[in-house]
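Enquirer: work.cif (mmCIF, C-alpha atoms) pasted underneath:
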```
data_work
loop_
_atom_site.group_PDB
_atom_site.id
_atom_site.type_symbol
_atom_site.label_atom_id
_atom_site.label_comp_id
_atom_site.auth_asym_id
_atom_site.auth_seq_id
_atom_site.Cartn_x
_atom_site.Cartn_y
_atom_site.Cartn_z
ATOM 1 C CA MET A 1 16.134 139.532 306.951
ATOM 2 C CA PRO A 2 18.654 136.736 306.373
ATOM 3 C CA LYS A 3 22.297 137.651 306.070
ATOM 4 C CA ILE A 4 23.842 137.446 302.618
ATOM 5 C CA ILE A 5 27.109 135.592 302.320
ATOM 6 C CA LYS A 6 29.116 135.879 299.137
ATOM 7 C CA ASP A 7 30.627 132.771 297.541
ATOM 8 C CA VAL A 8 28.849 130.370 299.912
ATOM 9 C CA ASP A 9 29.738 127.251 297.929
ATOM 10 C CA ASN A 10 33.473 127.965 298.025
ATOM 11 C CA ILE A 11 33.337 128.784 301.734
ATOM 12 C CA ILE A 12 31.597 125.461 302.379
ATOM 13 C CA LYS A 13 34.082 123.509 300.231
ATOM 14 C CA ASN A 14 37.157 125.191 301.728
ATOM 15 C CA CYS A 15 36.009 124.647 305.317
ATOM 16 C CA ALA A 16 35.006 121.073 304.534
ATOM 17 C CA MET A 17 38.409 120.435 302.937
ATOM 18 C CA GLU A 18 40.208 121.727 306.041
ATOM 19 C CA LEU A 19 38.137 119.489 308.278
ATOM 20 C CA PHE A 20 38.465 116.415 306.049
ATOM 21 C CA MET A 21 42.229 116.949 305.914
ATOM 22 C CA LYS A 22 42.461 117.321 309.678
ATOM 23 C CA TYR A 23 40.022 114.630 310.857
ATOM 24 C CA GLY A 24 39.373 112.366 307.872
ATOM 25 C CA TYR A 25 36.123 111.530 306.156
ATOM 26 C CA ILE A 26 34.571 109.433 308.900
ATOM 27 C CA LYS A 27 35.028 111.860 311.811
ATOM 28 C CA VAL A 28 33.642 114.940 310.044
ATOM 29 C CA ASP A 29 29.938 115.696 309.992
ATOM 30 C CA MET A 30 27.844 118.479 308.485
ATOM 31 C CA ARG A 31 27.450 120.205 311.854
ATOM 32 C CA MET A 32 31.258 120.538 312.148
ATOM 33 C CA ILE A 33 31.362 122.033 308.664
ATOM 34 C CA SER A 34 28.572 124.427 309.659
ATOM 35 C CA VAL A 35 30.466 125.606 312.740
ATOM 36 C CA GLN A 36 33.754 125.989 310.832
ATOM 37 C CA SER A 37 32.160 127.863 307.923
ATOM 38 C CA LYS A 38 29.678 129.863 310.026
ATOM 39 C CA ILE A 39 27.002 128.771 307.565
ATOM 40 C CA ALA A 40 23.785 127.153 308.758
ATOM 41 C CA VAL A 41 23.517 123.390 308.368
ATOM 42 C CA GLY A 42 20.312 123.840 306.356
ATOM 43 C CA THR A 43 22.141 126.094 303.913
ATOM 44 C CA ILE A 44 24.888 123.508 303.501
ATOM 45 C CA TYR A 45 22.240 120.875 302.777
ATOM 46 C CA HIS A 46 20.813 123.235 300.163
ATOM 47 C CA TYR A 47 24.144 122.958 298.295
ATOM 48 C CA TYR A 48 24.974 119.308 299.094
ATOM 49 C CA LYS A 49 22.480 116.565 299.875
ATOM 50 C CA ASN A 50 24.901 114.873 302.292
ATOM 51 C CA LYS A 51 28.481 114.708 303.571
ATOM 52 C CA GLN A 52 29.428 112.128 300.962
ATOM 53 C CA GLU A 53 28.448 114.397 298.075
ATOM 54 C CA LEU A 54 30.390 117.312 299.578
ATOM 55 C CA TYR A 55 33.451 115.126 300.242
ATOM 56 C CA LEU A 56 33.440 113.764 296.695
ATOM 57 C CA LYS A 57 33.143 117.280 295.269
ATOM 58 C CA VAL A 58 36.141 118.456 297.311
ATOM 59 C CA LEU A 59 38.116 115.301 296.529
ATOM 60 C CA ASN A 60 37.410 115.499 292.804
ATOM 61 C CA GLU A 61 38.384 119.161 292.563
ATOM 62 C CA SER A 62 41.654 118.534 294.385
ATOM 63 C CA TRP A 63 42.589 115.633 292.096
ATOM 64 C CA GLU A 64 41.544 117.518 288.945
ATOM 65 C CA VAL A 65 44.328 120.008 289.652
ATOM 66 C CA THR A 66 46.834 117.176 290.041
ATOM 67 C CA LEU A 67 45.706 115.504 286.810
ATOM 68 C CA ILE A 68 46.145 118.772 284.928
ATOM 69 C CA LYS A 69 49.674 119.106 286.317
ATOM 70 C CA LEU A 70 50.449 115.545 285.241
ATOM 71 C CA ASP A 71 49.147 116.248 281.727
ATOM 72 C CA GLU A 72 51.352 119.320 281.505
ATOM 73 C CA SER A 73 54.446 117.577 282.858
ATOM 74 C CA ILE A 74 54.272 114.679 280.419
ATOM 75 C CA LEU A 75 54.090 117.031 277.419
ATOM 76 C CA ILE A 76 57.386 118.693 278.274
ATOM 77 C CA ASN A 77 60.206 117.622 275.998
ATOM 78 C CA CYS A 78 62.689 115.939 278.330
ATOM 79 C CA THR A 79 64.298 112.578 279.034
ATOM 80 C CA SER A 80 62.417 109.600 280.422
ATOM 81 C CA GLU A 81 64.235 109.983 283.719
ATOM 82 C CA GLU A 82 63.154 113.627 283.959
ATOM 83 C CA LYS A 83 59.557 112.632 283.192
ATOM 84 C CA ILE A 84 59.666 110.026 285.954
ATOM 85 C CA TYR A 85 61.009 112.664 288.338
ATOM 86 C CA ARG A 86 58.267 115.127 287.328
ATOM 87 C CA LEU A 87 55.595 112.450 287.745
ATOM 88 C CA ILE A 88 56.814 111.439 291.183
ATOM 89 C CA THR A 89 57.372 114.950 292.518
ATOM 90 C CA THR A 90 53.976 116.121 291.291
ATOM 91 C CA LEU A 91 52.227 113.177 292.924
ATOM 92 C CA TYR A 92 54.348 113.335 296.078
ATOM 93 C CA TYR A 93 53.866 117.014 296.838
ATOM 94 C CA ASP A 94 50.204 117.125 295.796
ATOM 95 C CA ILE A 95 49.401 114.119 297.988
ATOM 96 C CA LYS A 96 51.449 115.577 300.837
ATOM 97 C CA ASN A 97 49.715 118.958 300.547
ATOM 98 C CA ARG A 98 46.336 117.241 300.840
ATOM 99 C CA ASN A 99 47.286 116.095 304.361
ATOM 100 C CA GLY A 100 45.459 112.809 303.955
ATOM 101 C CA LEU A 101 42.534 114.070 301.884
ATOM 102 C CA GLY A 102 42.082 111.360 299.311
ATOM 103 C CA LYS A 103 43.805 108.687 301.338
ATOM 104 C CA VAL A 104 40.507 106.811 301.141
ATOM 105 C CA LEU A 105 41.197 106.260 297.442
ATOM 106 C CA PHE A 106 43.741 103.654 298.540
ATOM 107 C CA ASP A 107 41.822 102.369 301.553
ATOM 108 C CA ASN A 108 38.852 100.048 301.168
ATOM 109 C CA SER A 109 37.556 100.520 304.705
ATOM 110 C CA VAL A 110 34.973 103.229 303.982
ATOM 111 C CA GLU A 111 32.119 101.173 302.537
ATOM 112 C CA GLU A 112 29.813 104.073 301.709
ATOM 113 C CA LEU A 113 32.467 105.589 299.424
ATOM 114 C CA LYS A 114 33.596 102.325 297.842
ATOM 115 C CA SER A 115 30.135 101.704 296.427
ATOM 116 C CA ASN A 116 29.764 105.225 295.020
ATOM 117 C CA ASN A 117 30.187 105.405 291.227
ATOM 118 C CA PHE A 118 31.617 108.925 291.343
ATOM 119 C CA PHE A 119 34.228 107.826 293.902
ATOM 120 C CA THR A 120 35.161 104.877 291.688
ATOM 121 C CA GLN A 121 35.438 107.230 288.715
ATOM 122 C CA ILE A 122 37.801 109.586 290.586
ATOM 123 C CA LYS A 123 39.997 106.642 291.565
ATOM 124 C CA GLU A 124 39.969 105.139 288.070
ATOM 125 C CA ASN A 125 40.814 108.495 286.455
ATOM 126 C CA LEU A 126 43.857 108.815 288.691
ATOM 127 C CA LEU A 127 45.016 105.235 288.143
ATOM 128 C CA VAL A 128 44.536 105.407 284.374
ATOM 129 C CA LYS A 129 46.320 108.761 284.092
ATOM 130 C CA VAL A 130 49.350 107.670 286.125
ATOM 131 C CA ASN A 131 49.445 104.272 284.430
ATOM 132 C CA ASN A 132 49.364 105.887 280.980
ATOM 133 C CA ILE A 133 52.216 108.210 281.887
ATOM 134 C CA ILE A 134 54.347 105.356 283.219
ATOM 135 C CA SER A 135 53.527 103.242 280.140
ATOM 136 C CA CYS A 136 54.528 106.097 277.822
ATOM 137 C CA ILE A 137 57.812 106.492 279.659
ATOM 138 C CA TYR A 138 58.603 102.805 279.211
ATOM 139 C CA ILE A 139 57.644 102.937 275.536
ATOM 140 C CA GLU A 140 60.043 105.875 275.093
ATOM 141 C CA LYS A 141 62.726 103.740 276.723
ATOM 142 C CA ASP A 142 61.872 100.822 274.362
ATOM 143 C CA GLU A 143 60.904 98.706 277.339
ATOM 144 C CA PHE A 144 57.727 96.881 278.095
ATOM 145 C CA LYS A 145 56.547 96.425 281.633
ATOM 146 C CA SER A 146 53.167 95.693 283.093
ATOM 147 C CA THR A 147 52.522 99.006 284.755
ATOM 148 C CA SER A 148 49.137 98.739 286.469
ATOM 149 C CA ARG A 149 50.511 97.174 289.654
ATOM 150 C CA LEU A 150 53.480 99.518 289.523
ATOM 151 C CA THR A 151 51.056 102.450 289.393
ATOM 152 C CA GLU A 152 49.134 101.182 292.417
ATOM 153 C CA THR A 153 52.381 100.475 294.279
ATOM 154 C CA LEU A 154 53.709 103.953 293.513
ATOM 155 C CA LEU A 155 50.593 105.732 294.777
ATOM 156 C CA VAL A 156 50.302 103.680 297.959
ATOM 157 C CA SER A 157 54.057 103.997 298.578
ATOM 158 C CA ILE A 158 53.827 107.780 298.372
ATOM 159 C CA VAL A 159 51.080 107.840 300.999
ATOM 160 C CA VAL A 160 53.011 105.497 303.299
ATOM 161 C CA MET A 161 56.323 107.349 302.909
ATOM 162 C CA ILE A 162 54.712 110.689 303.681
ATOM 163 C CA GLU A 163 53.242 109.204 306.865
ATOM 164 C CA LEU A 164 56.256 107.193 308.009
ATOM 165 C CA HIS A 165 59.099 109.422 306.802
ATOM 166 C CA PRO A 166 57.679 112.966 306.705
ATOM 167 C CA ASN A 167 61.072 114.662 307.064
ATOM 168 C CA ASP A 168 62.857 112.624 304.396
ATOM 169 C CA GLU A 169 61.352 114.092 301.222
ATOM 170 C CA ALA A 170 64.490 113.892 299.072
ATOM 171 C CA GLU A 171 65.212 110.297 300.115
ATOM 172 C CA ASN A 172 61.560 109.334 299.597
ATOM 173 C CA ILE A 173 61.502 110.805 296.102
ATOM 174 C CA GLU A 174 64.795 109.158 295.179
ATOM 175 C CA PHE A 175 63.522 105.789 296.398
ATOM 176 C CA LEU A 176 60.307 106.218 294.392
ATOM 177 C CA LYS A 177 62.321 107.122 291.279
ATOM 178 C CA GLN A 178 64.311 103.913 291.648
ATOM 179 C CA LEU A 179 61.084 101.969 292.145
ATOM 180 C CA VAL A 180 59.621 103.243 288.887
ATOM 181 C CA GLN A 181 62.845 103.031 286.880
#
```
Using the file provided, produce a representation of the structure as structure tokens.

Expert:
Amino acid sequence: MPKIIKDVDNIIKNCAMELFMKYGYIKVDMRMISVQSKIAVGTIYHYYKNKQELYLKVLNESWEVTLIKLDESILINCTSEEKIYRLITTLYYDIKNRNGLGKVLFDNSVEELKSNNFFTQIKENLLVKVNNIISCIYIEKDEFKSTSRLTETLLVSIVVMIELHPNDEAENIEFLKQLVQ
């Protein structure tokens, strides 16, 4: 009789997330996820047809939480400067807490993900959301700026600062605030 494991899908996703965060998308395979989760490879394939599908599920769920936080932070009645601070700190700490999960959104080296429509949709949702927030902030300030490149620069800068200056959070956030303002 096969053993019954409760909440198999969440166990798979959580173990996969840990491995993707630690080793990156390319170095992780389904066998590693099987060993980490103590769930047979065949069972994992029952839930996800391949590593890419599992990765995109984990990636999407992690960014959905961030997008919800961004929606909530922009609705708060506060100054433009406070909104910029909320935007940057939300992005900074959520990206940092992912430990590199999602870094591929800003890296074109993983061909199999680049050509995936769902991957492109995740990336576009993030870019549009952040761009809209920055645009709204500038409208509130009666300023007009082209914000799409600023959005891309902000997101890539956060990733780079976390990697290059991991112990300088306050300075990183202050620099990013100045960049956006």

Enquirer: For the provided coordinates, the residues matched by the PyMOL selection byres ((chain A and resi 62) around 12) should be stated as a list in words.

Expert: Lys13, Asn14, Met17, Met21, Tyr55, Leu56, Lys57, Val58, Leu59, Asn60, Glu61, Trp63, Glu64, Val65, Thr66, Leu67, Ile68, Lys69, Leu91, Asp94, Ile95, Asn97, Arg98, Asn99, Gly100, Leu101, Gly102, Ile122 and Leu126 of chain A

Enquirer: Residues within 10 Å of stretch 106-114 of chain A, please, as a list in words. Count all atoms listed in the file; anything in the same chain fewer than 3 positions from it doesn't count.

Expert: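 These residues fall inside the cut-off: Tyr25, Ile26, Gln52, Glu53, Tyr55, Leu56, Gly102, Lys103, Asn117, Phe118, Phe119, Thr120, Lys123, Glu152, Leu155, Val156 and Val159 of chain A.
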
Enquirer: Take the point (58.1, 111.8, 299.0) as written in the file and pick out every residue within 6 Å of it, counting all atoms listed in the file; give the list as an mmCIF file with C-alpha atoms, keeping the file's coordinate frame.

Expert:
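Heads up, here's the output in selection_22.cif:
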```cif
data_model
loop_
_atom_site.group_PDB
_atom_site.id
_atom_site.type_symbol
_atom_site.label_atom_id
_atom_site.label_comp_id
_atom_site.auth_asym_id
_atom_site.auth_seq_id
_atom_site.Cartn_x
_atom_site.Cartn_y
_atom_site.Cartn_z
ATOM 1 C CA TYR A 92 54.348 113.335 296.078
ATOM 2 C CA ILE A 158 53.827 107.780 298.372
ATOM 3 C CA ILE A 162 54.712 110.689 303.681
ATOM 4 C CA GLU A 169 61.352 114.092 301.222
ATOM 5 C CA ASN A 172 61.560 109.334 299.597
ATOM 6 C CA ILE A 173 61.502 110.805 296.102
#
```

Enquirer: Please determine an axis-aligned box that encloses all atoms of stretch 52-62 of chain A listed in the file, with 8 Å added on each side, and express its centre and edge lengths in Å to one decimal as lines of an AutoDock Vina configuration file.

Expert:
```
center_x = 35.1
center_y = 115.6
center_z = 296.8
size_x = 29.2
size_y = 23.0
size_z = 24.4
```

Enquirer: For a test of reading the model, state the distance in Å between atom CA of A:Glu82 and atom CA of A:Arg149, rounded to one decimal.

Expert: 21.5 Å

Enquirer: Using the chain letters and numbers from the file, which residues does the PyMOL selection byres ((chain A and resi 88) around 9) grab, as an NGL selection string?

Expert: :A and (83-87 or 89-93 or 154 or 158 or 173 or 176-177 or 180)

Enquirer: Please report the interatomic distance between atom CA of A:Leu54 and atom CA of A:Lys6 in Å with one decimal.

Expert: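 Between atom CA of A:Leu54 and atom CA of A:Lys6 the gap works out to 18.6 Å.
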
Enquirer: Excluding stretch 127-137 of chain A and its own-chain neighbours fewer than 6 positions away, which residues fall within 7 Å of it when counting all atoms listed in the file? Please give them as a list in words.

Expert: Ile74, Ser80, Thr147, Ser148 and Thr151 of chain A

Enquirer: Which one of A:Leu70, A:Val104, A:Leu75, A:Ala40 sits closest to A:Phe20 if you count all atoms listed in the file?

Expert: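 Once distances to A:Phe20 are computed over all atoms listed in the file, the minimum belongs to A:Val104.
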
Enquirer: Choose the residue, out of A:Tyr138, A:Phe175, A:Tyr48, A:Tyr23, that has the smallest atom-to-atom separation from A:Met161; count all atoms listed in the file.

Expert: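 Looking at the shortest contact to A:Met161, the residue is A:Phe175.
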
Enquirer: Can you work out the spacing between atom CA of A:Glu18 and atom CA of A:Asn50 in Å, to one decimal?

Expert: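 Separation between atom CA of A:Glu18 and atom CA of A:Asn50: 17.2 Å.
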
Enquirer: Ranking A:Val28, A:Ile12, A:Leu105, A:Ala170 by minimum distance to A:Val41 and counting only C-alpha atoms, which one comes first?

Expert: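 Closest to A:Val41, using only C-alpha atoms: A:Ile12.
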